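> This structure is in structure tokens; I'll ask about it shortly.
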Amino acid sequence: MTDFTLGTLMDAVNLAEFDGRNDAAVIDELARTQGTFGAGKPPAHSGLVAWSIEAFRNYRAAWRAHQEAMPTPCSVPVRSRWKISHRRDAADHRGVRQYEQTCWGRRYRSEDDHIREMWLLGLTTPSGRPEEVTTAAANVAAFGGNGPPDQVRVVLFGATSSVAVPVLDRTTEQIRARAREKVAPRLLEIVDGTTRQAGRDCAVCPDTPGCAALPAADLLPEVTTVPGPRRTLSVTDLRYHQGCPARYHLRRQLHLRDTGLIESRPILIGRAVDATLRDRHTGRPRRCRPDDPAGEDVAALLKEDQRSAREILARHATLCPFPDVEEVRDDQHQFIVAHHTRLDVVFGGTPDLLYRRADTWVWRETKTSRRRLRRDRPLLRQVPQLALAVLILSAGAPGRSPGRSRVELEHLRPDGCALEELDPVNPAVVAEARKVIGELAGPLLGDTACAPGVAHLTASGRSAP
Ligand SMILES: [Zn+2]
């Protein structure tokens, strides 16, 4: 199946714009060929087919309405990519002889090519892009084709809306000046950048195999190798797939919006507590006290839930690790990863707190609930985030740092609290973590259909009939 969300929409618009097919015929063919249009490419999931048909209708309506509203329309679609090339005879100090600037989107020009338009596409409604991005797009449209036009427009389109939004309309000279000021310094920063930071982008980075910043190991020796592109997996991905493979594919792989999702009250309480603790633990934290004020997210809860959240926060004071902390990872939201080389999967998770004490990195997960944890069920099975954290740390994360590490579960209830510790070097803990994550990851990796419904696992982790 294709994992390029906007690919099917782009192919459909190509058919309408370059082959002159009418919209109804394009939609028929999209549905009939499952988005392949007869080319030898992977078909789209039925959920993506339906989404792409709606997106195609929206695109065509937005495009027509926009061109009608313009004094000089850009009604001629441009097939070849605009590209700015800088070539030099000898390699520069970076060892590079050629630089290219291009922009992904759809291209149009006026009949006389005095005006060009670059359309930037997104998955939801047209949303603001940083000025560096729109100026870089305009710069490519101005100087990446045959001779510069007089004027360039940049238009934003979001696949769930039939209204496109023009965000930039400037002369070529204005764009040149703006690009020098806004885009050039950023481009220099990017081409000069040599820092490696392991994270979500490892899945698409060509340097991932053998990268010095990315810990690598055979995290799940019992899971069979399955061919396919490299991907990132978190516990959220694994749970989505366990609940409904189609939902995993549409929501987590294609990033299509989940509609009709209503969060439960305990989840909202947990999230409000997490947000308050995150705020308190940022900067130069002191030890939290039971009467410290709760954050805005707590104030937004129902009255009764606010009381529970405050009681839970008061319990945290007993387990707050500050101020005896040597270092906190700067970005509290960072995604800590390890590469499973044989499966070519980047496993990752975001700790609620990642701190160093006594030369040990501690990955802390905070979980809130009304009841105590069950003693008749393994802890790693009740909280799979801990299992994945154990595996990621056992591979040498964060950042391939040698030395000790530990996983903590801070369990907070309105009427009590507990701290559980797990050692990622303990073979029994690692074996249990491999079992828990392997039972979730195995069916996901082997699934090429992502059919709707309940996945291959029951809650206890055994194969369903
Ligand atoms: Zn604290």
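Ordering of the structure tokens sets the chain letters (A, B, ...), residue numbers begin anew at 1 in every chain, and ligands are numbered from 1 in the order given.
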As a quick test: using only C-alpha atoms and all ligand atoms, which residues lie no more than 7 Å away from ligand 1? Give them as a list in words.
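Based on only C-alpha atoms and all ligand atoms, ligand 1 is surrounded within 7 Å by Leu277, Arg280, His281, Arg287, Cys288, His316, Ala317, Cys320, Pro321 and Phe322 of chain A.
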> Near Thr368 (chain A), counting only C-alpha atoms, which residues have an atom at most 10 Å away, once you skip same-chain residues fewer than 3 positions from it, shown as a ChimeraX atom specification?
/A:266-267,269-271,273-274,309,312-313,371-372,410-414,417
> Those selected residues, please, written with C-alpha atoms and delivered as an mmCIF file, in the first residue's frame.

data_model
loop_
_atom_site.group_PDB
_atom_site.id
_atom_site.type_symbol
_atom_site.label_atom_id
_atom_site.label_comp_id
_atom_site.auth_asym_id
_atom_site.auth_seq_id
_atom_site.Cartn_x
_atom_site.Cartn_y
_atom_site.Cartn_z
ATOM 1 C CA PRO A 266 -9.525 9.781 33.213
ATOM 2 C CA ILE A 267 -7.417 10.434 30.082
ATOM 3 C CA ILE A 269 -7.209 14.211 33.980
ATOM 4 C CA GLY A 270 -3.939 12.399 33.205
ATOM 5 C CA ARG A 271 -3.123 14.824 30.418
ATOM 6 C CA VAL A 273 -1.573 16.452 35.355
ATOM 7 C CA ASP A 274 1.189 15.757 32.807
ATOM 8 C CA ALA A 309 -6.232 16.225 39.470
ATOM 9 C CA ILE A 312 -3.034 13.541 42.288
ATOM 10 C CA LEU A 313 -0.654 16.511 41.906
ATOM 11 C CA ARG A 371 -6.894 2.359 41.449
ATOM 12 C CA ARG A 372 -3.648 0.706 42.416
ATOM 13 C CA GLU A 410 5.579 7.194 38.905
ATOM 14 C CA HIS A 411 2.070 5.980 39.622
ATOM 15 C CA LEU A 412 -0.177 8.684 41.047
ATOM 16 C CA ARG A 413 -3.679 8.254 42.471
ATOM 17 C CA PRO A 414 -5.889 10.704 44.371
ATOM 18 C CA CYS A 417 1.333 7.018 45.004
#
> List the neighbours of Val13 (chain A) out to 9 Å using only C-alpha atoms; skip same-chain residues closer than 4 positions along the sequence, and give me the result as a PyMOL selection string.
chain A and resi 8-9+17-18+23+26+56+59-60
> Can you tell me, as number ranges by chain, what residues are no more than 10 Å from Leu256 (chain A) when counting only C-alpha atoms, ignoring any on the same chain fewer than 4 positions away?
A: 5, 47-48, 51, 123-124, 247, 249-252
> Using DSSP secondary structure from the backbone, list all helix (DSSP H, G or I) positions within region 48-185 of chain A, as a PyMOL selection string.
chain A and resi 48-69+131-143+172-185
> Under the rule that only C-alpha atoms are counted, which of A:Asp3, A:Glu181, A:Glu173, A:Asp279 is the nearest residue to Glu132 (chain A)?
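Distance minimum relative to Glu132 (chain A) lands on A:Glu181.
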> What does the structure give for the distance between CA of Asp423 (chain A) and CA of Ala213 (chain A), in Å to one decimal?
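Between CA of Asp423 (chain A) and CA of Ala213 (chain A) the gap works out to 22.5 Å.
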> So which residues touch region 27-41 of chain A within 9 Å, counting only C-alpha atoms, skipping near sequence neighbours fewer than 5 positions away, as a list of chain:residue names?
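Residues meeting the cut-off are A:Met1, A:Thr2, A:Gly7, A:Thr8, A:Leu9, A:Asp11, A:Ala12, A:Asn22, A:Ser46, A:Leu48, A:Val49, A:Ala50, A:Ser52, A:Ile53, A:Phe56, A:Arg57.
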> Write the residues you've just listed into a file as a short mmCIF file (atom, residue, chain, number, x, y, z; two decimals), in the first residue's frame, and include all heavy atoms for each of them.

data_model
loop_
_atom_site.label_atom_id
_atom_site.label_comp_id
_atom_site.auth_asym_id
_atom_site.auth_seq_id
_atom_site.Cartn_x
_atom_site.Cartn_y
_atom_site.Cartn_z
N MET A 1 0.84 -1.21 0.00
CA MET A 1 0.00 0.00 0.00
C MET A 1 0.86 1.24 0.00
O MET A 1 1.92 1.25 0.61
CB MET A 1 -0.86 0.02 1.26
CG MET A 1 -2.11 -0.79 1.11
SD MET A 1 -3.12 -0.66 2.60
CE MET A 1 -1.97 -1.17 3.85
N THR A 2 0.36 2.27 -0.65
CA THR A 2 1.13 3.51 -0.67
C THR A 2 1.11 4.16 0.72
O THR A 2 0.11 4.10 1.43
CB THR A 2 0.58 4.51 -1.72
OG1 THR A 2 1.40 5.68 -1.68
CG2 THR A 2 -0.85 4.93 -1.43
N GLY A 7 0.01 11.59 -2.50
CA GLY A 7 0.41 11.07 -3.81
C GLY A 7 -0.79 10.79 -4.72
O GLY A 7 -0.78 11.13 -5.90
N THR A 8 -1.84 10.19 -4.16
CA THR A 8 -3.01 9.85 -4.97
C THR A 8 -3.72 11.12 -5.46
O THR A 8 -4.14 11.21 -6.61
CB THR A 8 -3.98 8.97 -4.14
OG1 THR A 8 -3.22 7.90 -3.58
CG2 THR A 8 -5.10 8.42 -4.97
N LEU A 9 -3.83 12.11 -4.58
CA LEU A 9 -4.44 13.39 -4.97
C LEU A 9 -3.61 14.03 -6.09
O LEU A 9 -4.18 14.50 -7.08
CB LEU A 9 -4.49 14.33 -3.75
CG LEU A 9 -4.85 15.78 -4.07
CD1 LEU A 9 -6.27 15.90 -4.60
CD2 LEU A 9 -4.69 16.67 -2.83
N ASP A 11 -1.67 12.60 -8.33
CA ASP A 11 -1.86 11.85 -9.58
C ASP A 11 -3.21 12.19 -10.22
O ASP A 11 -3.33 12.34 -11.43
CB ASP A 11 -1.81 10.34 -9.31
CG ASP A 11 -0.40 9.89 -8.94
OD1 ASP A 11 0.55 10.65 -9.19
OD2 ASP A 11 -0.26 8.78 -8.39
N ALA A 12 -4.24 12.34 -9.35
CA ALA A 12 -5.58 12.66 -9.87
C ALA A 12 -5.59 14.05 -10.51
O ALA A 12 -6.13 14.24 -11.61
CB ALA A 12 -6.61 12.58 -8.73
N ASN A 22 -12.10 15.00 -17.57
CA ASN A 22 -13.02 15.74 -16.70
C ASN A 22 -13.04 15.13 -15.31
O ASN A 22 -12.63 13.98 -15.11
CB ASN A 22 -14.42 15.88 -17.33
CG ASN A 22 -15.18 14.57 -17.33
OD1 ASN A 22 -15.19 13.86 -16.33
ND2 ASN A 22 -15.81 14.26 -18.46
N SER A 46 -8.39 1.61 1.15
CA SER A 46 -9.73 2.11 0.80
C SER A 46 -10.06 3.41 1.53
O SER A 46 -10.75 4.28 0.99
CB SER A 46 -10.78 1.04 1.10
OG SER A 46 -10.68 0.67 2.46
N LEU A 48 -7.89 5.75 2.23
CA LEU A 48 -7.18 6.83 1.53
C LEU A 48 -7.85 7.14 0.19
O LEU A 48 -7.87 8.29 -0.24
CB LEU A 48 -5.70 6.45 1.33
CG LEU A 48 -4.85 7.49 0.60
CD1 LEU A 48 -4.81 8.82 1.36
CD2 LEU A 48 -3.42 6.99 0.40
N VAL A 49 -8.42 6.10 -0.46
CA VAL A 49 -9.13 6.33 -1.72
C VAL A 49 -10.29 7.31 -1.48
O VAL A 49 -10.44 8.31 -2.19
CB VAL A 49 -9.65 5.00 -2.32
CG1 VAL A 49 -10.64 5.25 -3.45
CG2 VAL A 49 -8.48 4.15 -2.82
N ALA A 50 -11.09 7.03 -0.44
CA ALA A 50 -12.24 7.90 -0.13
C ALA A 50 -11.77 9.31 0.22
O ALA A 50 -12.33 10.30 -0.25
CB ALA A 50 -13.04 7.30 1.03
N SER A 52 -8.98 10.76 -0.73
CA SER A 52 -8.39 11.42 -1.89
C SER A 52 -9.47 11.94 -2.85
O SER A 52 -9.29 12.98 -3.49
CB SER A 52 -7.46 10.47 -2.65
OG SER A 52 -6.44 10.02 -1.79
N ILE A 53 -10.59 11.21 -2.95
CA ILE A 53 -11.68 11.67 -3.82
C ILE A 53 -12.24 12.99 -3.29
O ILE A 53 -12.43 13.96 -4.04
CB ILE A 53 -12.79 10.58 -3.92
CG1 ILE A 53 -12.28 9.40 -4.74
CG2 ILE A 53 -14.07 11.15 -4.51
CD1 ILE A 53 -13.19 8.19 -4.77
N PHE A 56 -9.70 15.70 -3.89
CA PHE A 56 -9.65 16.09 -5.30
C PHE A 56 -10.79 17.06 -5.62
O PHE A 56 -10.58 18.09 -6.26
CB PHE A 56 -9.75 14.82 -6.19
CG PHE A 56 -9.85 15.12 -7.66
CD1 PHE A 56 -8.75 15.53 -8.39
CD2 PHE A 56 -11.09 15.00 -8.31
CE1 PHE A 56 -8.86 15.82 -9.75
CE2 PHE A 56 -11.20 15.28 -9.66
CZ PHE A 56 -10.08 15.69 -10.39
N ARG A 57 -12.00 16.74 -5.13
CA ARG A 57 -13.15 17.65 -5.35
C ARG A 57 -12.84 19.01 -4.75
O ARG A 57 -13.08 20.05 -5.36
CB ARG A 57 -14.41 17.08 -4.70
CG ARG A 57 -14.97 15.88 -5.42
CD ARG A 57 -16.44 15.63 -4.98
NE ARG A 57 -16.96 14.49 -5.72
CZ ARG A 57 -17.20 13.30 -5.17
NH1 ARG A 57 -16.98 13.09 -3.88
NH2 ARG A 57 -17.67 12.31 -5.92
#
> If you count only C-alpha atoms, which residues fall within 8 Å of Thr341 (chain A), apart from same-chain ones fewer than 3 positions away, as a list of chain:residue names?
A:Pro209, A:Ala216, A:Ala217, A:Asp218, A:Asp344, A:Val345
> For Val362 (chain A), which residue out of A:Pro424, A:Pro126, A:Pro323, A:Gly348 is the nearest one, using only C-alpha atoms?
A:Pro424
> As a VMD selection string, please: every residue in region 137-213 of chain A that DSSP puts in strand (DSSP E).
chain A and resid 151 to 158 165 to 171
> Calculated over only C-alpha atoms, which of the candidates A:Met118, A:Val140, A:Leu254, A:Val133 has the smallest distance to Thr102 (chain A)?
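Looking at the shortest contact to Thr102 (chain A), the residue is A:Val140.
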> Take CA of Thr350 (chain A) and CA of Leu440 (chain A) and report the distance between them in Å, one decimal.
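Result for CA of Thr350 (chain A) versus CA of Leu440 (chain A): 18.3 Å, one decimal.
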> Just how far from CA of Glu263 (chain A) is CA of Glu421 (chain A), in Å to one decimal?
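Pair CA of Glu421 (chain A) / CA of Glu263 (chain A) returns 29.1 Å.
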> Set the distance at 9 Å and use only C-alpha atoms: which residues neighbour Val165 (chain A) once local chain neighbours fewer than 3 positions away are removed? I'd like the list as a PDB file with N, CA, C and O atoms, in the first residue's frame.

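part-v1.pdb, written as the output of this step:
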ATOM      1  N   ALA A  62     -11.479  24.697  -5.174  1.00  0.00           N
ATOM      2  CA  ALA A  62     -10.658  25.788  -4.651  1.00  0.00           C
ATOM      3  C   ALA A  62      -9.889  26.467  -5.785  1.00  0.00           C
ATOM      4  O   ALA A  62      -9.783  27.689  -5.834  1.00  0.00           O
ATOM      5  N   HIS A  66     -10.427  30.316  -6.988  1.00  0.00           N
ATOM      6  CA  HIS A  66      -9.280  31.227  -6.847  1.00  0.00           C
ATOM      7  C   HIS A  66      -8.961  31.900  -8.180  1.00  0.00           C
ATOM      8  O   HIS A  66      -8.781  33.113  -8.245  1.00  0.00           O
ATOM      9  N   PRO A 126      -6.189  24.996   5.089  1.00  0.00           N
ATOM     10  CA  PRO A 126      -4.959  25.753   4.799  1.00  0.00           C
ATOM     11  C   PRO A 126      -4.487  26.445   6.072  1.00  0.00           C
ATOM     12  O   PRO A 126      -5.249  27.176   6.697  1.00  0.00           O
ATOM     13  N   SER A 127      -3.263  26.137   6.473  1.00  0.00           N
ATOM     14  CA  SER A 127      -2.805  26.757   7.712  1.00  0.00           C
ATOM     15  C   SER A 127      -1.533  27.535   7.431  1.00  0.00           C
ATOM     16  O   SER A 127      -0.813  27.247   6.479  1.00  0.00           O
ATOM     17  N   VAL A 154       1.896  32.877  -3.938  1.00  0.00           N
ATOM     18  CA  VAL A 154       1.932  31.585  -3.250  1.00  0.00           C
ATOM     19  C   VAL A 154       0.553  31.364  -2.643  1.00  0.00           C
ATOM     20  O   VAL A 154      -0.011  32.267  -2.010  1.00  0.00           O
ATOM     21  N   VAL A 155       0.010  30.181  -2.875  1.00  0.00           N
ATOM     22  CA  VAL A 155      -1.352  29.872  -2.436  1.00  0.00           C
ATOM     23  C   VAL A 155      -1.314  28.615  -1.558  1.00  0.00           C
ATOM     24  O   VAL A 155      -0.631  27.650  -1.890  1.00  0.00           O
ATOM     25  N   LEU A 156      -2.039  28.640  -0.440  1.00  0.00           N
ATOM     26  CA  LEU A 156      -2.103  27.473   0.435  1.00  0.00           C
ATOM     27  C   LEU A 156      -3.417  26.731   0.216  1.00  0.00           C
ATOM     28  O   LEU A 156      -4.482  27.343   0.145  1.00  0.00           O
ATOM     29  N   PHE A 157      -3.306  25.403   0.098  1.00  0.00           N
ATOM     30  CA  PHE A 157      -4.499  24.565  -0.018  1.00  0.00           C
ATOM     31  C   PHE A 157      -4.439  23.490   1.065  1.00  0.00           C
ATOM     32  O   PHE A 157      -3.375  22.924   1.340  1.00  0.00           O
TER      33      PHE A 157
END
> If you take only C-alpha atoms and a cut-off of 10 Å, which residues of region 202-275 of chain A touch region 383-399 of chain A, and what are their nearest atom pairs and distances in Å to one decimal, in chain and number order, as a Markdown table?

| residue | atom | partner | partner_atom | distance |
| --- | --- | --- | --- | --- |
| A:Ala212 | CA | A:Gly399 | CA | 8.6 |
| A:Ala213 | CA | A:Gly399 | CA | 5.5 |
| A:Leu214 | CA | A:Gly399 | CA | 6.2 |
| A:Pro215 | CA | A:Gly396 | CA | 5.6 |
| A:Ala216 | CA | A:Ala395 | CA | 6.1 |
| A:Ala217 | CA | A:Ala395 | CA | 5.7 |
| A:Asp218 | CA | A:Ala395 | CA | 8.4 |
| A:Leu219 | CA | A:Leu391 | CA | 6.3 |
| A:Leu220 | CA | A:Leu391 | CA | 8.7 |
| A:Ser234 | CA | A:Leu388 | CA | 8.0 |
| A:Val235 | CA | A:Gln385 | CA | 6.0 |
| A:Thr236 | CA | A:Gln385 | CA | 8.7 |
| A:Leu238 | CA | A:Pro384 | CA | 9.5 |
| A:Arg239 | CA | A:Pro384 | CA | 9.2 |
> Could you check which of A:Thr135, A:Glu311, A:Pro285, A:Arg381 is closest to Glu439 (chain A), using only C-alpha atoms?
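Among A:Thr135, A:Glu311, A:Pro285, A:Arg381, it is A:Arg381 that comes nearest to Glu439 (chain A).
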> Between A:Tyr99, A:Val407, A:Val191, A:Asp112, which has the minimum distance to Ser75 (chain A) (counting only C-alpha atoms)?
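The closest residue to Ser75 (chain A) is A:Asp112.
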